[in-house]
Amino acid sequence: MASPHEFIPLNPRDYLVLFSLTAGERHGYGIVKEVEAQSAGAVRMDPSNLYRSLKRLIQKGLVVESELRQDQDSDERRRFYSLTPLGSDVVEAEARRLSQLTDAARARDLIPGSRRPA
Amino acid sequence: MTARLYRLLLAVSVPRDLRTRHGDDMVQVFREIHRDARARGGRAVLGVWWRALTQSIGGGLGDRFRGRRPRSGSRRTRGKRAGALDHLFQDLRFAFRSFVRQPGFTVTAIVVVALGIGATTAIFSVVDGIVLRKLPYPDPDRLVFFDQGSHTVPDYRDWLEQMSTFESIAALWPTQRTMVGEGTPQQVGVGQATANVFPMFGASPSHGRLVTEADMIDGAPVAVLGYDFWVRQFGGDESVLGRAIQLDDVAYTVVGIAPVELTLPGRLSLSSVDLWTPLEINRAEYDTRNLYILRVVGRLAGEASLELARSQMSAWEEAAAEAYPDQNVRSDGSIRRVPLVPLRDAVTVDVRDPLYMLFGAVGLMLLIACANVANLLLARGADRERELAVRAALGGSHGRIAMQLLTESLSLAVVGAVAGVAVARLGVAAFALLAPSDVPRLQEVSVDSRTLVFALAAAVLTGVVFGLLPALYASRTDVNEALKEGAGRASAGRSRLRAKNGLVVGEIALAMVLLVGAGLLFNSFVRLNRVDPGFEPDNLISVPLTLGSRAEFFTSRDDGPARLQSLREIMNRVRALPGVRSVSAAAVIPFSETGRCCFMTKAMNESGEDTTRIVRHPITPGFFETLGASLQAGRDVQWTDGGATENPVIINRTMADRFFGDENPVGGTFTMGRNGVPATVIGVVNDLKFWNLARDRDVDVFFPLDTSVVAMMPFMHLAVRTSGSVEGLPGALRRAIWSVQPDMPIPEVQFLPMRISETMTSERFLSTLLVVFAAFAITLAAAGIYGTMLYSVSQRSHEFGIRMALGADGTRIIGQVLKRGMALTVVGVGLGLVGAVALSRVLESLVFGITVQDVPTYGAVTLLLGFVALVACYVPARKAARLDPIETLRTE
């Protein structure tokens, strides 16, 4: 199996999509809402961008899609997306990389107001 | 609807494979997002569409550019050797993303640029089509117009013989005839032309043949129909060839149809030419140096220069002055000159200055728009200082960052220009619709490739102009300073504020210049409207009459008594119509159709010391009463005055003052014409404006209309004073006229108030356009002040916080901010005034009644600009006063 490190750094949008799937499978609309919630409303994806991202992630083998099936909540037929094992590893690796960068920035006081009291 | 629109968007922005696989899913998700947004309100829906537009297209651009870039793996190994093109694409994508993040800024900037470039491009199209572009004739630069109105046939024959610098010289006598026997009698424009007119303008017949040299010699009554006239009158029927048509009392055989594209330059014929007949220049009747009828155009021969032609012409002028001093030496002793002017200049001379004026105005507007966008970019640059500093810290060179910013401003400008071209198309269409109809070549104006090149050039130029300053600032930013907090930041902000202040001052100064220009013009238009025409135009109608054949109007005919009889009969029948209060006739009624006029001659006062040009008007009794003018002294003319030996005349106030001064002019005498015919003053009337309100006063002499007058000129006008309601009156007027003279061409009924307003169309048009530009300019300037003050308030929020904590109240803070804003305004207005005075010096010579000393206009514009600036400053000032001191101190 390919190493997760071949895929990082991830395109920020792809990262958010992958991240939204870590809690389990979602349909397209669910991903959009999750991404918006996770980014505190800063990232709002248009469907065209969402599916561009999904197509990329599927090609790389990080995400799989289901056939159309009934959604219990809305009674509509939808396609659902979930992470592959490789996908989970990649999100984790990218999250680790981002966290290292953030720590470094904090250490230099680049992020005002976020300094933890010593 | 929502889904369909979105699908359309996807169709243009998303690759086909993605669309077939996920298209339905995308639409479904979009519907859901859209539904959520609807629940949150209009702004949210707008946001959804904005993201849909930018992300679908932006992502599309990304797809495309990624395809051209080295793959990510290899890029890393190539490191800094990435090519300039890669940088460009990278910058473009970056620019796009940063614009999408700030839709408010982006839309504002694009709209401002689009309006600026759009208006400039529209006016450029007009200037280009009318003034700059070559005339649509073969080798048009060699065509030369013989200016100074019309010329005599002997003059023309002289030039044919003597002017070797011309390959050919063509002459046209534009006249009007009555066509009878083809439905109702109607007036047609006839161009009596020399045969070489047609090759000169590159015309070959669309059917049959054109006028030939042989036609000119034997005076064959043949006619060539204009294409439009042929279609309009004969339905484009070819069987009209060979048929005879009746013009007044002569039958002409139709021998051909002119080509569709043959339109003569406006200066060559005042009204449109419906058909062409040969001009017999050898006819004996034309052999007089008093008959100014011909319009003349020449084509320069091979190598001959215009200068050479001019020197030949001045040789002729001097010889003519020697041989025929009566015609060619003016009363002041100067020689009559015939200026030779390139035809293009002659055609556009009346509109060139106003058009350049408009072009200058939109240019100013574009500059203001640039300053505004630069201001926006500067403010945005301040917000992005940190981001740019980080890029610099990570190894981005200053030059590279400046390039990035320049790319951003250029792409803004180009997008703005694309939208601007749409604005320009609308603008040109509106211009063509609203412009006065006498603007020459208007049909040649269009938004085409030349215009597009201009718009693109304007975009690049404006992009550089408004992007340079912010880019320079960005590249000068000190990374350490920017990344530190506190003092360094404030100082960087301050230098940026200085730049912004400078821009605002410039904007206000430019707006001031534009506003004063518009104000002066508008003021002149208002003043023009207030000029007293000397008569009462309301409820006044004028009707052009044709009493006899137009064919020989310069030769006296013996049917004078019959013509006068039918004129009086027409007047009687019209007077009997309901709603008509009084009727009288004259050769010309103020502001009625021009091109038919009266008699120009000279008058000399009794002592022989003073000579002046006068206009002689034949009138019937009651003329002044019908017009609503006032007879200030003496009496009106009477029918019995006609042919009286003492030659009774009524003179206008200007002439009375000039020739008689303080003496009572009634009973006084003077002489008229070359032969010194004596005339006796029987009355004085107030000055009347006959042609347009801006024209200086003429010296008018009115004399009784009698048989000798109507025998010589078949054109008259009826003046009809109505009691108010004119419903059905035009039709009744026509029937009354036809009941006396059935073959008279349908008289065009003209309402005087309308005619007066028509003479001011170009003034109205020009001042309206300038006022629109000025409104745009003042809006932009206000936005500039507002933005800058807002920025300065946010820069100084810390300071305000401290002051308020120390007890300063809101009013003081407001006062302080206002003081700053007004200081900028005062400097801007001061600079603008200097420019405005220079501008009005130029306008003075171009526009009616404009003076440099128009203090009220300067004052009004200064007040207006000051008030707008005050309002624009007040909003940020109030914001400053409402700052929470605790909050502002804490954020630092």
# chains A, B, ... in the order shown; residues from 1 in each chain; ligands from 1
$ residues_around --residues "Ile335 of chain B" --least-positions-apart "5" --cutoff "8 Å" --atoms "only C-alpha atoms" --output "PDB file with N, CA and C atoms, in the first residue's frame"
ATOM      1  N   GLU B 317      -8.045  84.571 -55.690  1.00  0.00           N
ATOM      2  CA  GLU B 317      -8.791  85.524 -54.854  1.00  0.00           C
ATOM      3  C   GLU B 317      -8.389  86.957 -55.193  1.00  0.00           C
ATOM      4  N   GLU B 318      -7.062  87.172 -55.334  1.00  0.00           N
ATOM      5  CA  GLU B 318      -6.603  88.530 -55.611  1.00  0.00           C
ATOM      6  C   GLU B 318      -7.033  88.997 -57.006  1.00  0.00           C
ATOM      7  N   ALA B 321     -10.679  89.781 -56.918  1.00  0.00           N
ATOM      8  CA  ALA B 321     -10.949  91.039 -56.218  1.00  0.00           C
ATOM      9  C   ALA B 321     -10.669  92.223 -57.138  1.00  0.00           C
ATOM     10  N   ASN B 328     -16.181  90.605 -54.698  1.00  0.00           N
ATOM     11  CA  ASN B 328     -15.066  89.967 -54.014  1.00  0.00           C
ATOM     12  C   ASN B 328     -14.285  90.857 -53.067  1.00  0.00           C
ATOM     13  N   VAL B 329     -14.740  92.089 -52.902  1.00  0.00           N
ATOM     14  CA  VAL B 329     -14.138  92.932 -51.873  1.00  0.00           C
ATOM     15  C   VAL B 329     -15.239  93.292 -50.885  1.00  0.00           C
ATOM     16  N   ARG B 330     -14.998  93.042 -49.614  1.00  0.00           N
ATOM     17  CA  ARG B 330     -16.016  93.318 -48.591  1.00  0.00           C
ATOM     18  C   ARG B 330     -16.060  94.805 -48.291  1.00  0.00           C
TER      19      ARG B 330
END
$ interface_residues --of "chain A" --to "chain B" --cutoff "9 Å" --atoms "only C-alpha atoms" --output "CSV table (one decimal) with C-alpha atoms, in the first residue's frame"
chain,number,residue,atom,x,y,z
A,28,GLY,CA,-22.6,15.5,-0.5
A,29,TYR,CA,-24.8,17.9,1.3
A,30,GLY,CA,-23.7,16.5,4.6
A,32,VAL,CA,-20.8,20.7,2.8
A,33,LYS,CA,-22.5,21.3,6.1
A,44,ARG,CA,-18.4,27.3,2.3
A,45,MET,CA,-18.1,25.0,-0.7
A,46,ASP,CA,-20.0,25.2,-3.9
A,47,PRO,CA,-21.1,21.8,-5.1
A,48,SER,CA,-18.9,22.1,-8.2
A,49,ASN,CA,-15.8,22.4,-6.0
A,50,LEU,CA,-16.9,19.7,-3.7
A,51,TYR,CA,-17.3,17.2,-6.5
A,52,ARG,CA,-14.0,18.2,-8.1
A,55,LYS,CA,-13.3,13.1,-7.8
A,78,ARG,CA,-28.3,9.8,-2.5
A,79,ARG,CA,-24.7,8.7,-3.0
A,110,LEU,CA,2.7,34.7,15.5
$ residues_around --residues "segment 57-59 of chain A" --least-positions-apart "3" --cutoff "10 Å" --atoms "only C-alpha atoms" --output "tab-separated table (two decimals) with N, CA and C atoms, in the first residue's frame"
chain	number	residue	atom	x	y	z
A	14	ASP	N	-9.26	19.69	0.06
A	14	ASP	CA	-9.30	18.23	0.14
A	14	ASP	C	-9.20	17.77	1.59
A	15	TYR	N	-8.35	18.49	2.34
A	15	TYR	CA	-8.18	18.13	3.73
A	15	TYR	C	-9.51	18.23	4.48
A	17	VAL	N	-12.49	18.11	3.31
A	17	VAL	CA	-13.43	17.07	2.88
A	17	VAL	C	-13.11	15.76	3.57
A	18	LEU	N	-11.84	15.40	3.54
A	18	LEU	CA	-11.44	14.15	4.19
A	18	LEU	C	-11.80	14.20	5.68
A	51	TYR	N	-17.39	18.39	-5.68
A	51	TYR	CA	-17.28	17.16	-6.48
A	51	TYR	C	-15.97	17.10	-7.23
A	52	ARG	N	-15.39	18.26	-7.53
A	52	ARG	CA	-14.03	18.24	-8.08
A	52	ARG	C	-13.10	17.57	-7.07
A	53	SER	N	-13.25	17.98	-5.81
A	53	SER	CA	-12.40	17.46	-4.75
A	53	SER	C	-12.64	15.96	-4.57
A	54	LEU	N	-13.92	15.59	-4.52
A	54	LEU	CA	-14.25	14.17	-4.32
A	54	LEU	C	-13.69	13.31	-5.44
A	62	LEU	N	-8.40	7.61	-1.73
A	62	LEU	CA	-8.57	8.03	-0.34
A	62	LEU	C	-10.03	7.98	0.10
A	63	VAL	N	-10.94	7.99	-0.88
A	63	VAL	CA	-12.37	8.01	-0.59
A	63	VAL	C	-13.04	7.01	-1.51
A	64	VAL	N	-14.10	6.35	-1.00
A	64	VAL	CA	-14.93	5.52	-1.89
A	64	VAL	C	-16.35	6.04	-1.87
A	65	GLU	N	-17.04	5.79	-2.99
A	65	GLU	CA	-18.44	6.23	-3.00
A	65	GLU	C	-19.35	5.04	-3.12
A	81	TYR	N	-20.37	8.87	0.77
A	81	TYR	CA	-18.91	8.82	0.65
A	81	TYR	C	-18.31	8.44	1.99
A	82	SER	N	-17.23	7.60	1.93
A	82	SER	CA	-16.54	7.29	3.18
A	82	SER	C	-15.04	7.19	2.92
A	83	LEU	N	-14.25	7.25	4.02
A	83	LEU	CA	-12.79	7.19	3.91
A	83	LEU	C	-12.36	5.76	3.66
A	84	THR	N	-11.30	5.55	2.89
A	84	THR	CA	-10.64	4.25	2.82
A	84	THR	C	-9.64	4.23	3.98
A	87	GLY	N	-7.15	6.64	3.29
A	87	GLY	CA	-7.70	7.98	3.50
A	87	GLY	C	-7.56	8.41	4.95
$ select_by_dssp --residues "segment 530-724 of chain B" --states "strand (DSSP E or B)" --output "PyMOL selection string"
chain B and resi 540-546+580-586+599-605+611-619+631-634+648-652+669-672+677-685+700-704+715-722
$ atom_distance --atom1 "atom CA of Lys689 of chain B" --atom2 "atom CA of Glu536 of chain B"
11.2 Å
$ select_by_dssp --residues "segment 602-776 of chain B" --states "helix (DSSP H, G or I)" --output "ChimeraX atom specification"
/B:623-627,639-641,653-660,707-712,729-740,752-758,761-776
$ residues_around --residues "Leu780 of chain B" --least-positions-apart "4" --cutoff "8 Å" --atoms "only C-alpha atoms" --output "number ranges by chain"
B: 368-369, 372, 776, 784
$ residues_around --residues "His207 of chain B" --least-positions-apart "5" --cutoff "10 Å" --atoms "only C-alpha atoms" --output "PyMOL selection string"
chain B and resi 224-225+227+238+241+255-259
$ atom_distance --atom1 "atom CA of Leu520 of chain B" --atom2 "atom CA of Thr462 of chain B"
28.4 Å
$ closest_residue --among "B:Gly202, B:Pro265, B:Pro342, B:Gly381" --to "Val144 of chain B" --atoms "only C-alpha atoms"
B:Pro342
$ residues_around --residues "Val684 of chain B" --least-positions-apart "2" --cutoff "8 Å" --atoms "only C-alpha atoms" --output "number ranges by chain"
B: 631-634, 650-653, 656, 665-666, 681-682, 686
$ write_last_selection --atoms "N, CA and C atoms" --output "tab-separated table (two decimals), in the first residue's frame"
chain	number	residue	atom	x	y	z
B	631	LEU	N	-44.14	96.62	-31.52
B	631	LEU	CA	-43.76	97.75	-32.35
B	631	LEU	C	-43.48	98.90	-31.39
B	632	GLN	N	-42.21	99.31	-31.28
B	632	GLN	CA	-41.86	100.28	-30.24
B	632	GLN	C	-42.11	101.72	-30.66
B	633	ALA	N	-42.15	101.94	-31.97
B	633	ALA	CA	-42.43	103.30	-32.45
B	633	ALA	C	-42.99	103.19	-33.85
B	634	GLY	N	-43.74	104.20	-34.27
B	634	GLY	CA	-44.24	104.25	-35.64
B	634	GLY	C	-45.39	103.30	-35.88
B	650	ILE	N	-39.63	98.94	-41.70
B	650	ILE	CA	-39.58	98.92	-40.24
B	650	ILE	C	-38.20	98.37	-39.89
B	651	ILE	N	-37.53	99.00	-38.94
B	651	ILE	CA	-36.19	98.52	-38.58
B	651	ILE	C	-36.20	98.00	-37.16
B	652	ASN	N	-35.23	97.14	-36.85
B	652	ASN	CA	-35.22	96.62	-35.47
B	652	ASN	C	-34.44	97.55	-34.56
B	653	ARG	N	-34.52	97.29	-33.25
B	653	ARG	CA	-33.95	98.16	-32.24
B	653	ARG	C	-32.45	98.34	-32.46
B	656	ALA	N	-31.93	100.75	-35.19
B	656	ALA	CA	-32.34	102.09	-34.79
B	656	ALA	C	-31.26	102.74	-33.94
B	665	PRO	N	-36.09	107.60	-34.91
B	665	PRO	CA	-35.81	107.03	-36.24
B	665	PRO	C	-36.99	107.14	-37.20
B	666	VAL	N	-38.22	107.25	-36.66
B	666	VAL	CA	-39.39	107.26	-37.54
B	666	VAL	C	-39.33	108.51	-38.43
B	681	VAL	N	-37.87	105.07	-42.76
B	681	VAL	CA	-38.28	104.30	-41.59
B	681	VAL	C	-39.68	104.70	-41.19
B	682	ILE	N	-40.60	103.68	-41.10
B	682	ILE	CA	-41.95	103.99	-40.63
B	682	ILE	C	-42.18	103.42	-39.24
B	686	ASN	N	-38.89	95.62	-31.65
B	686	ASN	CA	-37.84	95.08	-30.77
B	686	ASN	C	-37.03	94.02	-31.52
$ closest_residue --among "B:Arg882, B:Pro621, B:Phe800, B:Ala781" --to "Leu870 of chain B" --atoms "only C-alpha atoms"
B:Ala781
$ atom_distance --atom1 "atom CA of Ala37 of chain A" --atom2 "atom CA of Ala37 of chain B"
14.7 Å
$ residues_around --residues "Thr108 of chain B" --least-positions-apart "6" --cutoff "12 Å" --atoms "only C-alpha atoms" --output "number ranges by chain"
B: 99, 102, 114-115, 369, 372-373, 375-377, 412, 416, 780, 783
$ decode --residues "segment 3-31 of chain A" --atoms "N, CA and C atoms" --output "mmCIF file, in the first residue's frame"
data_model
loop_
_atom_site.group_PDB
_atom_site.id
_atom_site.type_symbol
_atom_site.label_atom_id
_atom_site.label_comp_id
_atom_site.auth_asym_id
_atom_site.auth_seq_id
_atom_site.Cartn_x
_atom_site.Cartn_y
_atom_site.Cartn_z
ATOM 1 N N SER A 3 2.341 4.902 0.797
ATOM 2 C CA SER A 3 2.541 5.567 2.084
ATOM 3 C C SER A 3 1.703 6.835 2.145
ATOM 4 N N PRO A 4 1.064 7.131 3.270
ATOM 5 C CA PRO A 4 0.245 8.345 3.394
ATOM 6 C C PRO A 4 1.060 9.600 3.115
ATOM 7 N N HIS A 5 2.390 9.556 3.348
ATOM 8 C CA HIS A 5 3.199 10.766 3.195
ATOM 9 C C HIS A 5 3.360 11.202 1.758
ATOM 10 N N GLU A 6 3.046 10.278 0.825
ATOM 11 C CA GLU A 6 3.099 10.683 -0.586
ATOM 12 C C GLU A 6 2.015 11.705 -0.923
ATOM 13 N N PHE A 7 0.989 11.742 -0.081
ATOM 14 C CA PHE A 7 -0.167 12.578 -0.448
ATOM 15 C C PHE A 7 -0.168 13.946 0.224
ATOM 16 N N ILE A 8 0.751 14.130 1.188
ATOM 17 C CA ILE A 8 0.722 15.419 1.858
ATOM 18 C C ILE A 8 1.897 16.282 1.395
ATOM 19 N N PRO A 9 1.825 17.635 1.425
ATOM 20 C CA PRO A 9 0.688 18.383 1.988
ATOM 21 C C PRO A 9 -0.554 18.305 1.106
ATOM 22 N N LEU A 10 -1.687 18.271 1.730
ATOM 23 C CA LEU A 10 -2.954 18.192 1.010
ATOM 24 C C LEU A 10 -3.437 19.593 0.637
ATOM 25 N N ASN A 11 -4.096 19.643 -0.455
ATOM 26 C CA ASN A 11 -4.866 20.833 -0.803
ATOM 27 C C ASN A 11 -5.837 21.112 0.362
ATOM 28 N N PRO A 12 -5.896 22.346 0.880
ATOM 29 C CA PRO A 12 -6.712 22.624 2.072
ATOM 30 C C PRO A 12 -8.154 22.161 1.937
ATOM 31 N N ARG A 13 -8.686 22.309 0.742
ATOM 32 C CA ARG A 13 -10.077 21.928 0.532
ATOM 33 C C ARG A 13 -10.215 20.407 0.661
ATOM 34 N N ASP A 14 -9.258 19.695 0.063
ATOM 35 C CA ASP A 14 -9.303 18.232 0.135
ATOM 36 C C ASP A 14 -9.196 17.772 1.587
ATOM 37 N N TYR A 15 -8.347 18.486 2.338
ATOM 38 C CA TYR A 15 -8.184 18.128 3.734
ATOM 39 C C TYR A 15 -9.506 18.234 4.480
ATOM 40 N N LEU A 16 -10.190 19.361 4.251
ATOM 41 C CA LEU A 16 -11.456 19.566 4.962
ATOM 42 C C LEU A 16 -12.484 18.511 4.581
ATOM 43 N N VAL A 17 -12.487 18.114 3.307
ATOM 44 C CA VAL A 17 -13.434 17.074 2.879
ATOM 45 C C VAL A 17 -13.108 15.760 3.573
ATOM 46 N N LEU A 18 -11.839 15.400 3.536
ATOM 47 C CA LEU A 18 -11.440 14.152 4.191
ATOM 48 C C LEU A 18 -11.804 14.202 5.675
ATOM 49 N N PHE A 19 -11.487 15.354 6.286
ATOM 50 C CA PHE A 19 -11.715 15.497 7.711
ATOM 51 C C PHE A 19 -13.190 15.314 8.065
ATOM 52 N N SER A 20 -14.058 15.838 7.175
ATOM 53 C CA SER A 20 -15.483 15.748 7.469
ATOM 54 C C SER A 20 -15.967 14.298 7.442
ATOM 55 N N LEU A 21 -15.179 13.418 6.813
ATOM 56 C CA LEU A 21 -15.612 12.022 6.711
ATOM 57 C C LEU A 21 -15.067 11.175 7.861
ATOM 58 N N THR A 22 -14.239 11.776 8.725
ATOM 59 C CA THR A 22 -13.620 10.969 9.785
ATOM 60 C C THR A 22 -14.654 10.438 10.760
ATOM 61 N N ALA A 23 -15.802 11.128 10.890
ATOM 62 C CA ALA A 23 -16.806 10.649 11.843
ATOM 63 C C ALA A 23 -17.754 9.644 11.204
ATOM 64 N N GLY A 24 -17.469 9.225 9.982
ATOM 65 C CA GLY A 24 -18.340 8.254 9.335
ATOM 66 C C GLY A 24 -18.811 8.752 7.983
ATOM 67 N N GLU A 25 -19.530 7.915 7.258
ATOM 68 C CA GLU A 25 -19.901 8.255 5.896
ATOM 69 C C GLU A 25 -20.913 9.396 5.840
ATOM 70 N N ARG A 26 -20.827 10.160 4.748
ATOM 71 C CA ARG A 26 -21.747 11.290 4.564
ATOM 72 C C ARG A 26 -22.109 11.410 3.089
ATOM 73 N N HIS A 27 -23.258 12.039 2.852
ATOM 74 C CA HIS A 27 -23.575 12.372 1.462
ATOM 75 C C HIS A 27 -23.062 13.780 1.172
ATOM 76 N N GLY A 28 -23.159 14.203 -0.086
ATOM 77 C CA GLY A 28 -22.561 15.470 -0.518
ATOM 78 C C GLY A 28 -22.988 16.654 0.335
ATOM 79 N N TYR A 29 -24.281 16.793 0.513
ATOM 80 C CA TYR A 29 -24.799 17.916 1.288
ATOM 81 C C TYR A 29 -24.268 17.880 2.715
ATOM 82 N N GLY A 30 -24.192 16.625 3.270
ATOM 83 C CA GLY A 30 -23.666 16.458 4.622
ATOM 84 C C GLY A 30 -22.236 16.959 4.717
ATOM 85 N N ILE A 31 -21.418 16.658 3.679
ATOM 86 C CA ILE A 31 -20.019 17.109 3.698
ATOM 87 C C ILE A 31 -19.954 18.630 3.721
#
